[in-house]
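Enquirer: For reference, this is coords.cif, and it has mmCIF, N, CA and C atoms.
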```cif
data_input
loop_
_atom_site.label_atom_id
_atom_site.label_comp_id
_atom_site.auth_asym_id
_atom_site.auth_seq_id
_atom_site.Cartn_x
_atom_site.Cartn_y
_atom_site.Cartn_z
N MET A 1 -97.43 -19.20 -15.53
CA MET A 1 -98.71 -19.87 -15.74
C MET A 1 -98.51 -21.35 -16.01
N GLY A 2 -97.59 -21.73 -16.90
CA GLY A 2 -97.38 -23.14 -17.21
C GLY A 2 -98.21 -23.56 -18.41
N ILE A 3 -98.91 -24.68 -18.27
CA ILE A 3 -99.75 -25.20 -19.35
C ILE A 3 -101.13 -24.56 -19.29
N ARG A 4 -101.57 -24.05 -20.40
CA ARG A 4 -102.89 -23.42 -20.50
C ARG A 4 -103.78 -24.29 -21.39
N ILE A 5 -105.01 -24.51 -20.95
CA ILE A 5 -105.97 -25.33 -21.69
C ILE A 5 -106.93 -24.40 -22.44
N ASN A 6 -107.05 -24.61 -23.74
CA ASN A 6 -107.91 -23.77 -24.58
C ASN A 6 -109.06 -24.58 -25.19
N ILE A 7 -109.66 -25.44 -24.40
CA ILE A 7 -110.76 -26.27 -24.91
C ILE A 7 -111.91 -25.40 -25.38
N ASP A 8 -112.16 -24.30 -24.69
CA ASP A 8 -113.30 -23.44 -25.04
C ASP A 8 -113.20 -22.90 -26.47
N VAL A 9 -111.98 -22.64 -26.94
CA VAL A 9 -111.79 -22.16 -28.31
C VAL A 9 -112.23 -23.22 -29.32
N MET A 10 -111.76 -24.46 -29.10
CA MET A 10 -112.13 -25.55 -30.01
C MET A 10 -113.61 -25.89 -29.89
N MET A 11 -114.16 -25.81 -28.70
CA MET A 11 -115.59 -26.08 -28.52
C MET A 11 -116.41 -25.06 -29.31
N ALA A 12 -116.01 -23.81 -29.29
CA ALA A 12 -116.72 -22.78 -30.04
C ALA A 12 -116.60 -23.03 -31.55
N ARG A 13 -115.41 -23.41 -31.99
CA ARG A 13 -115.22 -23.70 -33.42
C ARG A 13 -116.08 -24.86 -33.89
N ARG A 14 -116.24 -25.85 -33.02
CA ARG A 14 -117.01 -27.05 -33.36
C ARG A 14 -118.49 -26.92 -32.98
N ARG A 15 -118.83 -25.80 -32.38
CA ARG A 15 -120.21 -25.53 -31.96
C ARG A 15 -120.78 -26.65 -31.08
N ILE A 16 -120.03 -26.95 -30.02
CA ILE A 16 -120.45 -27.97 -29.06
C ILE A 16 -120.39 -27.38 -27.67
N GLY A 17 -121.40 -27.65 -26.89
CA GLY A 17 -121.47 -27.13 -25.53
C GLY A 17 -120.78 -28.03 -24.53
N LEU A 18 -120.57 -27.50 -23.34
CA LEU A 18 -119.88 -28.21 -22.28
C LEU A 18 -120.61 -29.50 -21.91
N THR A 19 -121.90 -29.44 -21.71
CA THR A 19 -122.66 -30.61 -21.30
C THR A 19 -122.65 -31.69 -22.37
N GLU A 20 -122.78 -31.27 -23.63
CA GLU A 20 -122.75 -32.23 -24.73
C GLU A 20 -121.39 -32.91 -24.84
N LEU A 21 -120.32 -32.13 -24.77
CA LEU A 21 -118.98 -32.70 -24.87
C LEU A 21 -118.71 -33.62 -23.68
N ALA A 22 -119.09 -33.20 -22.50
CA ALA A 22 -118.88 -34.03 -21.31
C ALA A 22 -119.56 -35.39 -21.47
N GLY A 23 -120.77 -35.39 -22.00
CA GLY A 23 -121.48 -36.64 -22.22
C GLY A 23 -120.79 -37.53 -23.24
N LYS A 24 -120.24 -36.93 -24.28
CA LYS A 24 -119.58 -37.70 -25.33
C LYS A 24 -118.25 -38.29 -24.88
N ILE A 25 -117.57 -37.63 -23.94
CA ILE A 25 -116.28 -38.14 -23.49
C ILE A 25 -116.37 -38.83 -22.13
N ASP A 26 -117.60 -38.94 -21.61
CA ASP A 26 -117.87 -39.70 -20.39
C ASP A 26 -117.17 -39.15 -19.15
N ILE A 27 -117.21 -37.82 -18.98
CA ILE A 27 -116.81 -37.22 -17.71
C ILE A 27 -117.92 -36.26 -17.29
N THR A 28 -117.90 -35.86 -16.04
CA THR A 28 -118.95 -34.97 -15.57
C THR A 28 -118.75 -33.56 -16.12
N PRO A 29 -119.83 -32.83 -16.31
CA PRO A 29 -119.69 -31.44 -16.74
C PRO A 29 -118.84 -30.63 -15.76
N ALA A 30 -118.94 -30.94 -14.47
CA ALA A 30 -118.15 -30.22 -13.47
C ALA A 30 -116.65 -30.43 -13.69
N ASN A 31 -116.25 -31.68 -13.97
CA ASN A 31 -114.83 -31.96 -14.21
C ASN A 31 -114.35 -31.34 -15.51
N LEU A 32 -115.18 -31.35 -16.54
CA LEU A 32 -114.80 -30.69 -17.80
C LEU A 32 -114.68 -29.19 -17.59
N SER A 33 -115.55 -28.62 -16.79
CA SER A 33 -115.49 -27.19 -16.48
C SER A 33 -114.19 -26.84 -15.76
N ILE A 34 -113.77 -27.68 -14.82
CA ILE A 34 -112.51 -27.47 -14.11
C ILE A 34 -111.35 -27.46 -15.10
N LEU A 35 -111.36 -28.39 -16.02
CA LEU A 35 -110.32 -28.46 -17.04
C LEU A 35 -110.37 -27.24 -17.95
N LYS A 36 -111.57 -26.89 -18.40
CA LYS A 36 -111.76 -25.77 -19.32
C LYS A 36 -111.32 -24.44 -18.71
N ASN A 37 -111.51 -24.30 -17.40
CA ASN A 37 -111.19 -23.05 -16.72
C ASN A 37 -109.77 -23.03 -16.12
N ASN A 38 -108.93 -23.96 -16.58
CA ASN A 38 -107.53 -24.03 -16.14
C ASN A 38 -107.36 -24.20 -14.64
N LYS A 39 -108.28 -24.92 -14.02
CA LYS A 39 -108.19 -25.19 -12.58
C LYS A 39 -107.66 -26.60 -12.30
N ALA A 40 -107.55 -27.43 -13.34
CA ALA A 40 -107.12 -28.82 -13.17
C ALA A 40 -105.61 -28.88 -12.91
N LYS A 41 -105.21 -29.82 -12.08
CA LYS A 41 -103.79 -30.04 -11.80
C LYS A 41 -103.20 -31.09 -12.73
N ALA A 42 -104.07 -31.91 -13.33
CA ALA A 42 -103.61 -32.99 -14.22
C ALA A 42 -104.75 -33.36 -15.16
N VAL A 43 -104.39 -34.04 -16.24
CA VAL A 43 -105.38 -34.57 -17.17
C VAL A 43 -104.92 -35.96 -17.60
N ARG A 44 -105.82 -36.90 -17.59
CA ARG A 44 -105.49 -38.26 -18.02
C ARG A 44 -105.35 -38.28 -19.53
N PHE A 45 -104.43 -39.11 -20.01
CA PHE A 45 -104.26 -39.25 -21.45
C PHE A 45 -105.54 -39.77 -22.10
N SER A 46 -106.27 -40.64 -21.40
CA SER A 46 -107.52 -41.16 -21.97
C SER A 46 -108.54 -40.04 -22.13
N THR A 47 -108.57 -39.09 -21.21
CA THR A 47 -109.47 -37.94 -21.32
C THR A 47 -109.03 -37.02 -22.45
N LEU A 48 -107.73 -36.77 -22.53
CA LEU A 48 -107.19 -35.94 -23.61
C LEU A 48 -107.48 -36.57 -24.98
N GLU A 49 -107.31 -37.89 -25.06
CA GLU A 49 -107.59 -38.60 -26.30
C GLU A 49 -109.06 -38.47 -26.69
N ALA A 50 -109.95 -38.62 -25.71
CA ALA A 50 -111.39 -38.52 -25.98
C ALA A 50 -111.77 -37.11 -26.43
N ILE A 51 -111.19 -36.10 -25.79
CA ILE A 51 -111.46 -34.71 -26.17
C ILE A 51 -111.02 -34.47 -27.61
N CYS A 52 -109.80 -34.92 -27.94
CA CYS A 52 -109.27 -34.73 -29.30
C CYS A 52 -110.11 -35.48 -30.32
N ARG A 53 -110.57 -36.67 -29.96
CA ARG A 53 -111.40 -37.46 -30.88
C ARG A 53 -112.71 -36.72 -31.17
N GLU A 54 -113.37 -36.23 -30.13
CA GLU A 54 -114.67 -35.58 -30.31
C GLU A 54 -114.56 -34.21 -30.96
N LEU A 55 -113.49 -33.48 -30.68
CA LEU A 55 -113.32 -32.15 -31.26
C LEU A 55 -112.54 -32.19 -32.57
N GLU A 56 -112.12 -33.39 -32.96
CA GLU A 56 -111.35 -33.58 -34.19
C GLU A 56 -110.16 -32.61 -34.24
N CYS A 57 -109.31 -32.72 -33.23
CA CYS A 57 -108.15 -31.84 -33.13
C CYS A 57 -106.96 -32.59 -32.57
N GLN A 58 -105.85 -31.92 -32.49
CA GLN A 58 -104.62 -32.45 -31.90
C GLN A 58 -104.46 -31.87 -30.50
N PRO A 59 -103.70 -32.55 -29.60
CA PRO A 59 -103.49 -31.99 -28.26
C PRO A 59 -102.96 -30.56 -28.27
N GLY A 60 -102.10 -30.25 -29.23
CA GLY A 60 -101.55 -28.90 -29.33
C GLY A 60 -102.57 -27.84 -29.70
N ASP A 61 -103.72 -28.28 -30.21
CA ASP A 61 -104.80 -27.33 -30.53
C ASP A 61 -105.52 -26.86 -29.28
N ILE A 62 -105.45 -27.64 -28.21
CA ILE A 62 -106.19 -27.29 -26.99
C ILE A 62 -105.29 -27.02 -25.79
N MET A 63 -103.97 -27.21 -25.98
CA MET A 63 -103.03 -26.96 -24.89
C MET A 63 -101.88 -26.09 -25.40
N GLU A 64 -101.39 -25.21 -24.54
CA GLU A 64 -100.23 -24.40 -24.89
C GLU A 64 -99.41 -24.12 -23.65
N TYR A 65 -98.13 -23.91 -23.84
CA TYR A 65 -97.23 -23.59 -22.75
C TYR A 65 -97.03 -22.09 -22.67
N GLU A 66 -97.23 -21.54 -21.49
CA GLU A 66 -96.98 -20.12 -21.23
C GLU A 66 -95.92 -20.00 -20.16
N PRO A 67 -94.74 -19.50 -20.51
CA PRO A 67 -93.71 -19.35 -19.48
C PRO A 67 -94.12 -18.31 -18.44
N ASP A 68 -93.64 -18.52 -17.21
CA ASP A 68 -93.91 -17.55 -16.15
C ASP A 68 -93.19 -16.25 -16.48
N GLN A 69 -93.83 -15.14 -16.16
CA GLN A 69 -93.26 -13.83 -16.46
C GLN A 69 -92.25 -13.43 -15.41
#
```
Starting from the file, lay out its structure as structure tokens.
Expert:
Amino acid sequence: MGIRINIDVMMARRRIGLTELAGKIDITPANLSILKNNKAKAVRFSTLEAICRELECQPGDIMEYEPDQ
């Protein structure tokens, strides 16, 4: 699998929806959805920084490494 994105977990903890978070970090809801659903091939550090700022978390709270089985 590789890197897994767990933004949905932090979004639920912070009680913030996809559209609201997308607006706060200045990306489209479609692009945030791609990231949230682990379909993204890359993430910009500026986007990661904005997500962490809005969700008040660390990158490790929303990303994890899963070795291939």
Enquirer: Could you find all residues in chain A that DSSP calls strand (DSSP E or B) from the backbone, and write them as a list of chain:residue names?
Expert: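 Strand (DSSP E or B) members of chain A, listed: A:Gly2, A:Ile3, A:Arg4, A:Ile5, A:Met63, A:Glu64, A:Tyr65, A:Glu66.
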Enquirer: For segment 9-25 of chain A, work out the shell of residues within 7 Å, counting only C-alpha atoms and skipping chain neighbours fewer than 6 positions away, then give it as a PyMOL selection string.
Expert: chain A and resi 32+50-51+55+62
Enquirer: Output as JSON, numbers by chain all residues of chain A that backbone DSSP marks as alpha helix (DSSP H).
Expert: {"A": [7, 8, 9, 10, 11, 12, 13, 14, 18, 19, 20, 21, 22, 23, 24, 25, 29, 30, 31, 32, 33, 34, 35, 36, 45, 46, 47, 48, 49, 50, 51, 52, 53, 54, 55, 59, 60, 61, 62]}
Enquirer: Quick one, how far is atom CA of Ile27 of chain A from atom N of Pro67 of chain A?
Expert: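 Computed distance, atom CA of Ile27 of chain A to atom N of Pro67 of chain A, equals 28.4 Å.
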Enquirer: For Ile3 of chain A, find every residue with an atom within 6.5 Å (counting only N, CA and C atoms), except residues of its own chain fewer than 3 positions away, and show them as a ChimeraX atom specification.
Expert: /A:63-66
Enquirer: May I ask for the distance between atom C of Asn31 of chain A and atom CA of Asp68 of chain A, given in Å to one decimal place?
Expert: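 Atom C of Asn31 of chain A sits 24.7 Å away from atom CA of Asp68 of chain A.
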Enquirer: Applying the PyMOL selection byres (((chain A and resi 38 and name CA) around 9) and name CA) to the file I just gave you, which residues come out? Please list them as an mmCIF file with N, CA and C atoms, keeping the file's coordinate frame.
Expert:
```
data_model
loop_
_atom_site.group_PDB
_atom_site.id
_atom_site.type_symbol
_atom_site.label_atom_id
_atom_site.label_comp_id
_atom_site.auth_asym_id
_atom_site.auth_seq_id
_atom_site.Cartn_x
_atom_site.Cartn_y
_atom_site.Cartn_z
ATOM 1 N N ILE A 3 -98.910 -24.680 -18.270
ATOM 2 C CA ILE A 3 -99.750 -25.200 -19.350
ATOM 3 C C ILE A 3 -101.130 -24.560 -19.290
ATOM 4 N N ARG A 4 -101.570 -24.050 -20.400
ATOM 5 C CA ARG A 4 -102.890 -23.420 -20.500
ATOM 6 C C ARG A 4 -103.780 -24.290 -21.390
ATOM 7 N N ILE A 5 -105.010 -24.510 -20.950
ATOM 8 C CA ILE A 5 -105.970 -25.330 -21.690
ATOM 9 C C ILE A 5 -106.930 -24.400 -22.440
ATOM 10 N N ASN A 6 -107.050 -24.610 -23.740
ATOM 11 C CA ASN A 6 -107.910 -23.770 -24.580
ATOM 12 C C ASN A 6 -109.060 -24.580 -25.190
ATOM 13 N N SER A 33 -115.550 -28.620 -16.790
ATOM 14 C CA SER A 33 -115.490 -27.190 -16.480
ATOM 15 C C SER A 33 -114.190 -26.840 -15.760
ATOM 16 N N ILE A 34 -113.770 -27.680 -14.820
ATOM 17 C CA ILE A 34 -112.510 -27.470 -14.110
ATOM 18 C C ILE A 34 -111.350 -27.460 -15.100
ATOM 19 N N LEU A 35 -111.360 -28.390 -16.020
ATOM 20 C CA LEU A 35 -110.320 -28.460 -17.040
ATOM 21 C C LEU A 35 -110.370 -27.240 -17.950
ATOM 22 N N LYS A 36 -111.570 -26.890 -18.400
ATOM 23 C CA LYS A 36 -111.760 -25.770 -19.320
ATOM 24 C C LYS A 36 -111.320 -24.440 -18.710
ATOM 25 N N ASN A 37 -111.510 -24.300 -17.400
ATOM 26 C CA ASN A 37 -111.190 -23.050 -16.720
ATOM 27 C C ASN A 37 -109.770 -23.030 -16.120
ATOM 28 N N LYS A 39 -108.280 -24.920 -14.020
ATOM 29 C CA LYS A 39 -108.190 -25.190 -12.580
ATOM 30 C C LYS A 39 -107.660 -26.600 -12.300
ATOM 31 N N ALA A 40 -107.550 -27.430 -13.340
ATOM 32 C CA ALA A 40 -107.120 -28.820 -13.170
ATOM 33 C C ALA A 40 -105.610 -28.880 -12.910
ATOM 34 N N LYS A 41 -105.210 -29.820 -12.080
ATOM 35 C CA LYS A 41 -103.790 -30.040 -11.800
ATOM 36 C C LYS A 41 -103.200 -31.090 -12.730
#
```
Enquirer: One decimal, in Å: what's the spacing between atom C of Asp26 of chain A and atom C of Phe45 of chain A?
Expert: 12.0 Å
Enquirer: Missing atoms in segment 14-35 of chain A should be modelled up to N, CA, C and O atoms and reported as a short mmCIF file (atom, residue, chain, number, x, y, z; two decimals), in the frame of the given file.
Expert:
```cif
data_model
loop_
_atom_site.label_atom_id
_atom_site.label_comp_id
_atom_site.auth_asym_id
_atom_site.auth_seq_id
_atom_site.Cartn_x
_atom_site.Cartn_y
_atom_site.Cartn_z
N ARG A 14 -116.24 -25.85 -33.02
CA ARG A 14 -117.01 -27.05 -33.36
C ARG A 14 -118.49 -26.92 -32.98
O ARG A 14 -119.27 -27.83 -33.20
N ARG A 15 -118.83 -25.80 -32.38
CA ARG A 15 -120.21 -25.53 -31.96
C ARG A 15 -120.78 -26.65 -31.08
O ARG A 15 -121.83 -27.22 -31.35
N ILE A 16 -120.03 -26.95 -30.02
CA ILE A 16 -120.45 -27.97 -29.06
C ILE A 16 -120.39 -27.38 -27.67
O ILE A 16 -119.46 -26.66 -27.32
N GLY A 17 -121.40 -27.65 -26.89
CA GLY A 17 -121.47 -27.13 -25.53
C GLY A 17 -120.78 -28.03 -24.53
O GLY A 17 -120.46 -29.19 -24.81
N LEU A 18 -120.57 -27.50 -23.34
CA LEU A 18 -119.88 -28.21 -22.28
C LEU A 18 -120.61 -29.50 -21.91
O LEU A 18 -120.00 -30.56 -21.82
N THR A 19 -121.90 -29.44 -21.71
CA THR A 19 -122.66 -30.61 -21.30
C THR A 19 -122.65 -31.69 -22.37
O THR A 19 -122.47 -32.88 -22.08
N GLU A 20 -122.78 -31.27 -23.63
CA GLU A 20 -122.75 -32.23 -24.73
C GLU A 20 -121.39 -32.91 -24.84
O GLU A 20 -121.30 -34.13 -24.97
N LEU A 21 -120.32 -32.13 -24.77
CA LEU A 21 -118.98 -32.70 -24.87
C LEU A 21 -118.71 -33.62 -23.68
O LEU A 21 -118.16 -34.71 -23.86
N ALA A 22 -119.09 -33.20 -22.50
CA ALA A 22 -118.88 -34.03 -21.31
C ALA A 22 -119.56 -35.39 -21.47
O ALA A 22 -118.98 -36.42 -21.14
N GLY A 23 -120.77 -35.39 -22.00
CA GLY A 23 -121.48 -36.64 -22.22
C GLY A 23 -120.79 -37.53 -23.24
O GLY A 23 -120.74 -38.75 -23.07
N LYS A 24 -120.24 -36.93 -24.28
CA LYS A 24 -119.58 -37.70 -25.33
C LYS A 24 -118.25 -38.29 -24.88
O LYS A 24 -117.83 -39.32 -25.39
N ILE A 25 -117.57 -37.63 -23.94
CA ILE A 25 -116.28 -38.14 -23.49
C ILE A 25 -116.37 -38.83 -22.13
O ILE A 25 -115.37 -39.25 -21.57
N ASP A 26 -117.60 -38.94 -21.61
CA ASP A 26 -117.87 -39.70 -20.39
C ASP A 26 -117.17 -39.15 -19.15
O ASP A 26 -116.56 -39.89 -18.39
N ILE A 27 -117.21 -37.82 -18.98
CA ILE A 27 -116.81 -37.22 -17.71
C ILE A 27 -117.92 -36.26 -17.29
O ILE A 27 -118.78 -35.90 -18.10
N THR A 28 -117.90 -35.86 -16.04
CA THR A 28 -118.95 -34.97 -15.57
C THR A 28 -118.75 -33.56 -16.12
O THR A 28 -117.61 -33.14 -16.35
N PRO A 29 -119.83 -32.83 -16.31
CA PRO A 29 -119.69 -31.44 -16.74
C PRO A 29 -118.84 -30.63 -15.76
O PRO A 29 -118.08 -29.75 -16.17
N ALA A 30 -118.94 -30.94 -14.47
CA ALA A 30 -118.15 -30.22 -13.47
C ALA A 30 -116.65 -30.43 -13.69
O ALA A 30 -115.86 -29.49 -13.62
N ASN A 31 -116.25 -31.68 -13.97
CA ASN A 31 -114.83 -31.96 -14.21
C ASN A 31 -114.35 -31.34 -15.51
O ASN A 31 -113.22 -30.85 -15.59
N LEU A 32 -115.18 -31.35 -16.54
CA LEU A 32 -114.80 -30.69 -17.80
C LEU A 32 -114.68 -29.19 -17.59
O LEU A 32 -113.77 -28.56 -18.13
N SER A 33 -115.55 -28.62 -16.79
CA SER A 33 -115.49 -27.19 -16.48
C SER A 33 -114.19 -26.84 -15.76
O SER A 33 -113.56 -25.82 -16.06
N ILE A 34 -113.77 -27.68 -14.82
CA ILE A 34 -112.51 -27.47 -14.11
C ILE A 34 -111.35 -27.46 -15.10
O ILE A 34 -110.48 -26.59 -15.04
N LEU A 35 -111.36 -28.39 -16.02
CA LEU A 35 -110.32 -28.46 -17.04
C LEU A 35 -110.37 -27.24 -17.95
O LEU A 35 -109.36 -26.59 -18.22
#
```
